[in-house]
Amino acid sequence: MIQGIPITHFLIVSTLVFFIGIYGFLTRRNLITMLMSIELILNSVNINFVIFNRYLYPDQLQGHFFALFIVAVAAAEASVAIALIINVYRKYTSIESDNVNEMKY
Amino acid sequence: MNYSYTICIPLIPLAVFLFTGLAGSRFRPVVSGLIGCAGLFSSFVLSLITAWKYFFVGGISGNAYPTIIAAKTTWLHLTQFLSIDMGVMLDPISVMMLVVITTVSLMVHIYSMGYMKGERGFERFYAFLSLFSFSMLGLVLATNIFQMYIFWELVGVSSFLLIGFYYERPSAVAASKKAFIVTRFADLGFLIGILLLSFYTKTFDFTELTNPHSPVFTGIASVSFLGLSAITWAMLLIFMGGAGKSAMFPLHIWLPDAMEGPTPVSALIHAATMVVAGVYLVARMFPIYYAYSPNALTVISWVGGFTSLFAAVIACTQFDIKRVLAYSTLSQIGYMMLALGVSGFEGEYGLGYMASMFHLFTHAMFKALLFLGAGSVIHAVHSNLMNDMGGLRKHLPITHLTFLIACLAIAGIPPFAGFFSKDEILVAAWEHNKILFLVEYTVAGLTAFYMFRLYFGIFWNKAPHYHHEPHESPLTMTLPLIFLAVGSAFTGFIPFGRFVSADHIPFETQMHLNIAIPSVLIALTGIFVAFLFYRKENSMADRIARSFGAVYKTVYHKFYIDELYLFVTKKILFNLVSRLIAWFDRHIVDGAMNGIACVVSTTSEKIKGMQSGQIQHYALAFISGAIILVLIVLYQLS
């Protein structure tokens, strides 16, 4: 539709971005990197929203608004997460997630 | 005639109980005492007004005293036809009991102001006294047998609390438990009796249950079990409850021990009011006993007769003055039960019923007086034992005089109250059963003997060395004594048959000189023997006791009934039944529970490592779960 590019291309991109995010979240120990991975996941979702809106209901705008909404929420989430990370750093003088494991049995 | 205010008679003590129980400790102790006295005084006045209105203003309608339901409300709705009500029922015996209870209770409230002064828990004492008064009044005013049962248990609880008032004393704790367990055991019978009776009659209501012509009894009379009809079983079981509360043989063992409580409590609960609840219960159900189960009545008369003799014999050998009085109470209640057992129903044939109620009334007066007098003596010499007393007539003139009046009254010397009521009982026994009559003659002599043994032992005899000079009790204690002494002296002249009778129809009673004169002579003989033995210090009583040897020892140990109970419970029941059950409980029931707990805890020990605190572990679990769910959904769709 967008000048002949089929929807699968977009979906492949978004799936790749999603699983890169998952992979980063599970394997990195650095809290900032984990936060960035979460942003990747969110952005892959945004791509899906926009693309599906465009291909399925081209004359409506819900998908776009949803994407904008997620961007705003992601910004807020990032600020909260960074505040948490700063506090973690003050306590442990590092931002390795291995240190933050007191909430266990 | 409006009687709806009578609902206040029990409710005022309840309010006093709630107030002194919850807020009493915030004020000075005397405040609780005064509130208690004031509350009881208002109940007392209301009771007198009720009695006056019921007997003299309302009076007889038709030819009998009416039964009035003054107030009634449904408390528990069981089925369409069966409900448990709470209410107030007025008939001759309940009105009479109102007067008895409030009079004695008021006297005890006033007396305790002096007797319990400075005791720890003064306000607690008054709270419990009020609770007791409330329960007892609720009991006698009950409109149905279930209400009576509820208040019956409340009375038992307040008795338990008051016997164990000195809860730091192990003997008091043991006595309160004993009293509670024994009466509770008897109440089990009472409850089964109630259920049995109401299962067949489909009602709890006294208006139905005390009317022998009522159609509700058509079913029950034809059912029989083990050779006795169902109604006889029910009435015997109900009597078992009454026997427990009234301490009839063999359930009497709790009453002498209950003397561990403060003396005013003994006067109120264990002499004048609660212990006669059993008599009241039988009197309440009397029409049914008479019409449907004369066998149960025979049992009642023999149990009563035996208890009166048995307790009188024991009373002669005891040295603790309160225990002597306790056994004398048993003996006198035995009289009342016997009188009910030998009574007929219509008119003059109901003499025994009327005599029983009459004796209940006079006994409440003089026995409360005896206990309060004994309390006054104990207050002065700080001991319960007769050996620590003697020659007190000079030190305690008022107590001495009132105690003498009470002794004369209980011994049945005219013109004191006990003479008249005892005479009626003897007449009733004579007409019905000559053996029981002779038993009662013997008991009359024994009663005179042990009461005057007590009297001479306390007030005459040789004075022991007192650590400090005994002195007369304060006015708060002597005033109730004087009031009750007046009651003991003159209540015998009340023409009781005009007010209380089995069928509510008044009748006139005559003096039976051929029975009264021998009984007075027997009583005088008893007094004379006591005079010889105990007036001055001498060894005559000891020598006679020694010459009886083993017999005396058996009687002194109360026929070893307590030991027998202990043997049966500890040796037989505990070993044969309780041990097995305990083993089962400890190994099987507890084992199962412990096993389950053990499995759970080992499993959780094994798997708790899953909660590692590592956020990535959780995320992995979460994502894997999500992927698995997605796969499941896809599989389902395809």
# chains A, B, ... in the order shown; residues from 1 in each chain; ligands from 1
>>> interface_residues(of="chain A", to="chain B", cutoff="9 Å", atoms="only C-alpha atoms", output="ChimeraX atom specification")
/A:22,25-29,97-105
>>> write_last_selection(atoms="N, CA and C atoms", output="PDB file, in the first residue's frame")
ATOM      1  N   ILE A  22      13.872  -8.343  23.658  1.00  0.00           N
ATOM      2  CA  ILE A  22      13.751  -9.417  24.640  1.00  0.00           C
ATOM      3  C   ILE A  22      15.130  -9.970  24.962  1.00  0.00           C
ATOM      4  N   PHE A  25      17.060  -7.683  27.115  1.00  0.00           N
ATOM      5  CA  PHE A  25      16.536  -7.602  28.489  1.00  0.00           C
ATOM      6  C   PHE A  25      16.973  -8.813  29.318  1.00  0.00           C
ATOM      7  N   LEU A  26      16.993  -9.981  28.642  1.00  0.00           N
ATOM      8  CA  LEU A  26      17.308 -11.187  29.401  1.00  0.00           C
ATOM      9  C   LEU A  26      18.804 -11.364  29.611  1.00  0.00           C
ATOM     10  N   THR A  27      19.633 -10.865  28.709  1.00  0.00           N
ATOM     11  CA  THR A  27      21.056 -11.201  28.801  1.00  0.00           C
ATOM     12  C   THR A  27      21.889 -10.092  29.422  1.00  0.00           C
ATOM     13  N   ARG A  28      21.545  -8.844  29.247  1.00  0.00           N
ATOM     14  CA  ARG A  28      22.380  -7.763  29.781  1.00  0.00           C
ATOM     15  C   ARG A  28      22.183  -7.639  31.277  1.00  0.00           C
ATOM     16  N   ARG A  29      23.309  -7.337  31.991  1.00  0.00           N
ATOM     17  CA  ARG A  29      23.179  -7.136  33.428  1.00  0.00           C
ATOM     18  C   ARG A  29      23.133  -5.657  33.794  1.00  0.00           C
ATOM     19  N   SER A  97      22.390  -5.489  37.629  1.00  0.00           N
ATOM     20  CA  SER A  97      21.128  -5.998  38.188  1.00  0.00           C
ATOM     21  C   SER A  97      21.376  -7.165  39.153  1.00  0.00           C
ATOM     22  N   ASP A  98      22.562  -7.822  39.070  1.00  0.00           N
ATOM     23  CA  ASP A  98      22.849  -8.927  39.983  1.00  0.00           C
ATOM     24  C   ASP A  98      22.848  -8.479  41.436  1.00  0.00           C
ATOM     25  N   ASN A  99      23.237  -7.205  41.646  1.00  0.00           N
ATOM     26  CA  ASN A  99      23.300  -6.731  43.035  1.00  0.00           C
ATOM     27  C   ASN A  99      21.917  -6.583  43.654  1.00  0.00           C
ATOM     28  N   VAL A 100      20.948  -6.262  42.805  1.00  0.00           N
ATOM     29  CA  VAL A 100      19.618  -5.927  43.341  1.00  0.00           C
ATOM     30  C   VAL A 100      18.809  -7.224  43.446  1.00  0.00           C
ATOM     31  N   ASN A 101      19.167  -8.058  44.429  1.00  0.00           N
ATOM     32  CA  ASN A 101      18.444  -9.334  44.523  1.00  0.00           C
ATOM     33  C   ASN A 101      17.996  -9.619  45.953  1.00  0.00           C
ATOM     34  N   GLU A 102      17.715  -8.561  46.680  1.00  0.00           N
ATOM     35  CA  GLU A 102      17.337  -8.796  48.077  1.00  0.00           C
ATOM     36  C   GLU A 102      15.909  -9.321  48.226  1.00  0.00           C
ATOM     37  N   MET A 103      15.076  -9.117  47.223  1.00  0.00           N
ATOM     38  CA  MET A 103      13.679  -9.560  47.335  1.00  0.00           C
ATOM     39  C   MET A 103      13.578 -11.023  46.948  1.00  0.00           C
ATOM     40  N   LYS A 104      14.156 -11.880  47.759  1.00  0.00           N
ATOM     41  CA  LYS A 104      14.031 -13.302  47.455  1.00  0.00           C
ATOM     42  C   LYS A 104      13.630 -14.049  48.720  1.00  0.00           C
ATOM     43  N   TYR A 105      13.566 -15.373  48.597  1.00  0.00           N
ATOM     44  CA  TYR A 105      13.136 -16.169  49.741  1.00  0.00           C
ATOM     45  C   TYR A 105      13.928 -15.770  50.956  1.00  0.00           C
TER      46      TYR A 105
END
>>> residues_around(residues="Phe319 in chain B", least_positions_apart="3", cutoff="12 Å", atoms="only C-alpha atoms", output="short mmCIF file (atom, residue, chain, number, x, y, z; two decimals) with C-alpha atoms, in the first residue's frame")
data_model
loop_
_atom_site.label_atom_id
_atom_site.label_comp_id
_atom_site.auth_asym_id
_atom_site.auth_seq_id
_atom_site.Cartn_x
_atom_site.Cartn_y
_atom_site.Cartn_z
CA ILE B 314 -23.15 -35.51 107.57
CA ALA B 315 -23.94 -32.04 108.92
CA CYS B 316 -23.72 -33.38 112.48
CA LYS B 322 -20.19 -22.95 106.39
CA ARG B 323 -20.07 -26.62 105.49
CA VAL B 324 -22.55 -27.45 108.23
CA LEU B 325 -24.85 -24.85 106.73
CA ALA B 326 -24.25 -26.24 103.25
CA TYR B 327 -25.28 -29.73 104.31
CA SER B 383 -11.79 -18.45 110.74
CA ASN B 384 -14.36 -20.91 109.44
CA LEU B 385 -13.74 -23.58 112.03
CA MET B 386 -15.92 -24.16 115.05
CA ASN B 387 -12.87 -24.94 117.16
CA ASP B 388 -11.66 -21.35 116.78
CA MET B 389 -14.93 -20.00 118.11
CA TYR B 450 -26.76 -29.86 114.34
CA MET B 451 -28.06 -26.31 114.21
CA ARG B 453 -24.50 -27.74 117.99
CA LEU B 454 -23.41 -24.89 115.76
CA GLY B 457 -20.35 -24.06 119.69
CA ILE B 458 -20.12 -20.54 118.31
CA TYR B 556 -17.07 -37.38 108.87
CA HIS B 557 -15.63 -38.15 105.45
#
>>> closest_residue(among="B:His395, B:Lys53, B:Lys72, B:Arg26", to="Asn2 in chain B", atoms="only C-alpha atoms")
B:Lys53
>>> residues_around(residues="Ile38 in chain A", least_positions_apart="2", cutoff="8 Å", atoms="only C-alpha atoms", output="list in words")
Gly21, Ile22, Phe25, Met34, Leu35, Met36, Leu40, Ile41 and Leu42 of chain A
>>> write_last_selection(atoms="C-alpha atoms", output="PDB file, in the first residue's frame")
ATOM      1  CA  GLY A  21      14.690  -6.180  22.878  1.00  0.00           C
ATOM      2  CA  ILE A  22      13.751  -9.417  24.640  1.00  0.00           C
ATOM      3  CA  PHE A  25      16.536  -7.602  28.489  1.00  0.00           C
ATOM      4  CA  MET A  34      17.895  -3.301  30.099  1.00  0.00           C
ATOM      5  CA  LEU A  35      15.942  -0.069  30.026  1.00  0.00           C
ATOM      6  CA  MET A  36      17.002   0.511  26.435  1.00  0.00           C
ATOM      7  CA  LEU A  40      13.054  -1.376  21.761  1.00  0.00           C
ATOM      8  CA  ILE A  41      10.139  -3.638  22.694  1.00  0.00           C
ATOM      9  CA  LEU A  42       7.844  -0.659  22.995  1.00  0.00           C
TER      10      LEU A  42
END
>>> residues_around(residues="Gly138 in chain B", least_positions_apart="4", cutoff="10 Å", atoms="only C-alpha atoms", output="PyMOL selection string")
chain B and resi 7+9-11+86-89+98+132-134+142-143+147-148+150-152+154-155
>>> write_last_selection(atoms="N, CA and C atoms", output="mmCIF file, in the first residue's frame")
data_model
loop_
_atom_site.group_PDB
_atom_site.id
_atom_site.type_symbol
_atom_site.label_atom_id
_atom_site.label_comp_id
_atom_site.auth_asym_id
_atom_site.auth_seq_id
_atom_site.Cartn_x
_atom_site.Cartn_y
_atom_site.Cartn_z
ATOM 1 N N ILE B 7 -40.898 -6.255 83.002
ATOM 2 C CA ILE B 7 -39.705 -6.550 82.204
ATOM 3 C C ILE B 7 -38.484 -5.849 82.798
ATOM 4 N N ILE B 9 -37.733 -5.616 85.907
ATOM 5 C CA ILE B 9 -37.201 -6.254 87.116
ATOM 6 C C ILE B 9 -35.917 -7.012 86.806
ATOM 7 N N PRO B 10 -35.881 -7.862 85.767
ATOM 8 C CA PRO B 10 -34.562 -8.438 85.450
ATOM 9 C C PRO B 10 -33.631 -7.482 84.713
ATOM 10 N N LEU B 11 -34.184 -6.539 83.955
ATOM 11 C CA LEU B 11 -33.296 -5.728 83.107
ATOM 12 C C LEU B 11 -32.476 -4.715 83.909
ATOM 13 N N MET B 86 -38.590 -14.913 74.329
ATOM 14 C CA MET B 86 -38.128 -14.350 75.600
ATOM 15 C C MET B 86 -39.300 -13.556 76.146
ATOM 16 N N GLY B 87 -39.587 -13.744 77.406
ATOM 17 C CA GLY B 87 -40.725 -13.013 77.914
ATOM 18 C C GLY B 87 -40.810 -13.054 79.417
ATOM 19 N N VAL B 88 -41.920 -12.559 79.898
ATOM 20 C CA VAL B 88 -42.156 -12.496 81.336
ATOM 21 C C VAL B 88 -43.487 -13.167 81.603
ATOM 22 N N MET B 89 -43.469 -14.176 82.465
ATOM 23 C CA MET B 89 -44.708 -14.859 82.800
ATOM 24 C C MET B 89 -44.964 -14.703 84.290
ATOM 25 N N LEU B 98 -40.048 -13.963 92.673
ATOM 26 C CA LEU B 98 -39.560 -12.594 92.485
ATOM 27 C C LEU B 98 -39.291 -11.957 93.829
ATOM 28 N N PHE B 132 -25.829 -12.362 88.401
ATOM 29 C CA PHE B 132 -26.571 -13.467 88.979
ATOM 30 C C PHE B 132 -28.033 -13.089 89.183
ATOM 31 N N SER B 133 -28.264 -11.903 89.750
ATOM 32 C CA SER B 133 -29.658 -11.517 90.013
ATOM 33 C C SER B 133 -30.454 -11.474 88.719
ATOM 34 N N PHE B 134 -29.827 -10.908 87.679
ATOM 35 C CA PHE B 134 -30.497 -10.854 86.368
ATOM 36 C C PHE B 134 -30.867 -12.256 85.897
ATOM 37 N N ALA B 142 -39.424 -17.023 83.197
ATOM 38 C CA ALA B 142 -39.415 -17.580 81.849
ATOM 39 C C ALA B 142 -40.805 -17.977 81.386
ATOM 40 N N THR B 143 -41.088 -17.663 80.118
ATOM 41 C CA THR B 143 -42.380 -18.051 79.562
ATOM 42 C C THR B 143 -42.319 -19.417 78.912
ATOM 43 N N GLN B 147 -36.248 -20.684 77.334
ATOM 44 C CA GLN B 147 -35.757 -19.473 78.007
ATOM 45 C C GLN B 147 -35.240 -19.842 79.392
ATOM 46 N N MET B 148 -35.994 -20.702 80.057
ATOM 47 C CA MET B 148 -35.580 -21.132 81.384
ATOM 48 C C MET B 148 -34.212 -21.799 81.316
ATOM 49 N N ILE B 150 -31.837 -21.335 79.112
ATOM 50 C CA ILE B 150 -30.777 -20.351 78.846
ATOM 51 C C ILE B 150 -30.396 -19.636 80.134
ATOM 52 N N PHE B 151 -31.382 -19.179 80.877
ATOM 53 C CA PHE B 151 -31.077 -18.477 82.119
ATOM 54 C C PHE B 151 -30.509 -19.435 83.166
ATOM 55 N N TRP B 152 -30.943 -20.676 83.063
ATOM 56 C CA TRP B 152 -30.438 -21.722 83.950
ATOM 57 C C TRP B 152 -28.915 -21.801 83.812
ATOM 58 N N LEU B 154 -26.983 -19.443 82.534
ATOM 59 C CA LEU B 154 -26.409 -18.162 82.969
ATOM 60 C C LEU B 154 -26.224 -18.151 84.477
ATOM 61 N N VAL B 155 -27.207 -18.699 85.185
ATOM 62 C CA VAL B 155 -27.106 -18.793 86.630
ATOM 63 C C VAL B 155 -25.902 -19.655 87.005
#
>>> select_by_dssp(residues="chain A", states="helix (DSSP H, G or I)", output="PyMOL selection string")
chain A and resi 7-27+31-56+62-92
>>> residues_around(residues="Ile32 in chain A", least_positions_apart="6", cutoff="10 Å", atoms="only C-alpha atoms", output="PyMOL selection string")
chain A and resi 38+78+81-82+85+95-97
>>> residues_around(residues="Phe533 in chain B", least_positions_apart="2", cutoff="12 Å", atoms="only C-alpha atoms", output="list in words")
Phe449, Tyr450, Phe452, Arg453, Leu454, Tyr455, Phe456, Gly457, Trp460, Asn461, Gly526, Ile527, Phe528, Val529, Ala530, Phe531, Arg535, Lys536, Glu537, Asn538, Ser539, Met540, Ala541, Asp542, Arg543, Ile544 and Ala545 of chain B
>>> write_last_selection(atoms="N, CA and C atoms", output="PDB file, in the first residue's frame")
ATOM      1  N   PHE B 449     -30.581 -30.717 116.188  1.00  0.00           N
ATOM      2  CA  PHE B 449     -29.334 -31.038 116.874  1.00  0.00           C
ATOM      3  C   PHE B 449     -28.152 -30.303 116.244  1.00  0.00           C
ATOM      4  N   TYR B 450     -27.980 -30.452 114.910  1.00  0.00           N
ATOM      5  CA  TYR B 450     -26.758 -29.860 114.342  1.00  0.00           C
ATOM      6  C   TYR B 450     -26.809 -28.349 114.317  1.00  0.00           C
ATOM      7  N   PHE B 452     -28.170 -26.475 116.636  1.00  0.00           N
ATOM      8  CA  PHE B 452     -27.845 -25.967 117.968  1.00  0.00           C
ATOM      9  C   PHE B 452     -26.441 -26.370 118.399  1.00  0.00           C
ATOM     10  N   ARG B 453     -25.927 -27.445 117.811  1.00  0.00           N
ATOM     11  CA  ARG B 453     -24.504 -27.742 117.994  1.00  0.00           C
ATOM     12  C   ARG B 453     -23.683 -26.541 117.512  1.00  0.00           C
ATOM     13  N   LEU B 454     -24.082 -26.048 116.331  1.00  0.00           N
ATOM     14  CA  LEU B 454     -23.408 -24.887 115.763  1.00  0.00           C
ATOM     15  C   LEU B 454     -23.591 -23.672 116.665  1.00  0.00           C
ATOM     16  N   TYR B 455     -24.846 -23.451 117.063  1.00  0.00           N
ATOM     17  CA  TYR B 455     -25.165 -22.265 117.850  1.00  0.00           C
ATOM     18  C   TYR B 455     -24.393 -22.253 119.160  1.00  0.00           C
ATOM     19  N   PHE B 456     -24.475 -23.385 119.906  1.00  0.00           N
ATOM     20  CA  PHE B 456     -23.765 -23.422 121.192  1.00  0.00           C
ATOM     21  C   PHE B 456     -22.262 -23.367 120.967  1.00  0.00           C
ATOM     22  N   GLY B 457     -21.789 -24.049 119.949  1.00  0.00           N
ATOM     23  CA  GLY B 457     -20.353 -24.060 119.686  1.00  0.00           C
ATOM     24  C   GLY B 457     -19.812 -22.681 119.373  1.00  0.00           C
ATOM     25  N   TRP B 460     -21.629 -20.036 122.762  1.00  0.00           N
ATOM     26  CA  TRP B 460     -21.466 -20.373 124.163  1.00  0.00           C
ATOM     27  C   TRP B 460     -20.131 -21.075 124.307  1.00  0.00           C
ATOM     28  N   ASN B 461     -20.144 -22.244 124.914  1.00  0.00           N
ATOM     29  CA  ASN B 461     -18.925 -23.030 125.039  1.00  0.00           C
ATOM     30  C   ASN B 461     -17.773 -22.183 125.593  1.00  0.00           C
ATOM     31  N   GLY B 526     -33.632 -32.703 120.160  1.00  0.00           N
ATOM     32  CA  GLY B 526     -32.384 -32.411 119.449  1.00  0.00           C
ATOM     33  C   GLY B 526     -31.658 -31.248 120.089  1.00  0.00           C
ATOM     34  N   ILE B 527     -32.414 -30.206 120.393  1.00  0.00           N
ATOM     35  CA  ILE B 527     -31.803 -29.024 120.997  1.00  0.00           C
ATOM     36  C   ILE B 527     -31.223 -29.371 122.355  1.00  0.00           C
ATOM     37  N   PHE B 528     -31.955 -30.201 123.102  1.00  0.00           N
ATOM     38  CA  PHE B 528     -31.503 -30.541 124.443  1.00  0.00           C
ATOM     39  C   PHE B 528     -30.190 -31.335 124.382  1.00  0.00           C
ATOM     40  N   VAL B 529     -30.118 -32.287 123.448  1.00  0.00           N
ATOM     41  CA  VAL B 529     -28.883 -33.062 123.310  1.00  0.00           C
ATOM     42  C   VAL B 529     -27.730 -32.135 122.961  1.00  0.00           C
ATOM     43  N   ALA B 530     -27.975 -31.228 122.013  1.00  0.00           N
ATOM     44  CA  ALA B 530     -26.930 -30.278 121.640  1.00  0.00           C
ATOM     45  C   ALA B 530     -26.524 -29.442 122.847  1.00  0.00           C
ATOM     46  N   PHE B 531     -27.518 -29.081 123.660  1.00  0.00           N
ATOM     47  CA  PHE B 531     -27.258 -28.287 124.866  1.00  0.00           C
ATOM     48  C   PHE B 531     -26.319 -29.050 125.799  1.00  0.00           C
ATOM     49  N   ARG B 535     -23.017 -26.928 125.294  1.00  0.00           N
ATOM     50  CA  ARG B 535     -23.253 -25.697 126.036  1.00  0.00           C
ATOM     51  C   ARG B 535     -21.980 -25.284 126.775  1.00  0.00           C
ATOM     52  N   LYS B 536     -21.398 -26.230 127.501  1.00  0.00           N
ATOM     53  CA  LYS B 536     -20.118 -26.004 128.173  1.00  0.00           C
ATOM     54  C   LYS B 536     -19.111 -26.959 127.566  1.00  0.00           C
ATOM     55  N   GLU B 537     -17.860 -26.645 127.756  1.00  0.00           N
ATOM     56  CA  GLU B 537     -16.854 -27.538 127.191  1.00  0.00           C
ATOM     57  C   GLU B 537     -16.864 -28.853 127.949  1.00  0.00           C
ATOM     58  N   ASN B 538     -17.082 -29.939 127.242  1.00  0.00           N
ATOM     59  CA  ASN B 538     -16.966 -31.241 127.875  1.00  0.00           C
ATOM     60  C   ASN B 538     -16.595 -32.265 126.827  1.00  0.00           C
ATOM     61  N   SER B 539     -16.287 -33.473 127.273  1.00  0.00           N
ATOM     62  CA  SER B 539     -15.761 -34.458 126.332  1.00  0.00           C
ATOM     63  C   SER B 539     -16.848 -35.434 125.892  1.00  0.00           C
ATOM     64  N   MET B 540     -18.118 -35.139 126.236  1.00  0.00           N
ATOM     65  CA  MET B 540     -19.168 -36.102 125.942  1.00  0.00           C
ATOM     66  C   MET B 540     -19.288 -36.400 124.445  1.00  0.00           C
ATOM     67  N   ALA B 541     -19.294 -35.309 123.652  1.00  0.00           N
ATOM     68  CA  ALA B 541     -19.446 -35.490 122.208  1.00  0.00           C
ATOM     69  C   ALA B 541     -18.296 -36.306 121.647  1.00  0.00           C
ATOM     70  N   ASP B 542     -17.094 -36.003 122.122  1.00  0.00           N
ATOM     71  CA  ASP B 542     -15.928 -36.743 121.628  1.00  0.00           C
ATOM     72  C   ASP B 542     -16.025 -38.218 121.977  1.00  0.00           C
ATOM     73  N   ARG B 543     -16.466 -38.476 123.228  1.00  0.00           N
ATOM     74  CA  ARG B 543     -16.542 -39.880 123.662  1.00  0.00           C
ATOM     75  C   ARG B 543     -17.539 -40.656 122.814  1.00  0.00           C
ATOM     76  N   ILE B 544     -18.670 -40.000 122.549  1.00  0.00           N
ATOM     77  CA  ILE B 544     -19.676 -40.696 121.737  1.00  0.00           C
ATOM     78  C   ILE B 544     -19.155 -40.913 120.328  1.00  0.00           C
ATOM     79  N   ALA B 545     -18.503 -39.877 119.798  1.00  0.00           N
ATOM     80  CA  ALA B 545     -17.930 -40.009 118.460  1.00  0.00           C
ATOM     81  C   ALA B 545     -16.956 -41.171 118.430  1.00  0.00           C
TER      82      ALA B 545
END
>>> select_by_dssp(residues="chain A", states="strand (DSSP E or B)", output="PyMOL selection string")
chain A and resi 2+5+30+96
>>> atom_distance(atom1="CA of Tyr353 in chain B", atom2="CA of Leu340 in chain B")
5.0 Å
>>> residues_around(residues="Arg54 in chain A", least_positions_apart="5", cutoff="10 Å", atoms="only C-alpha atoms", output="list in words")
Met1, Ile2, Ile7, Asn48, Phe49, Asp59, Gln60, Leu61, Gly63 and His64 of chain A
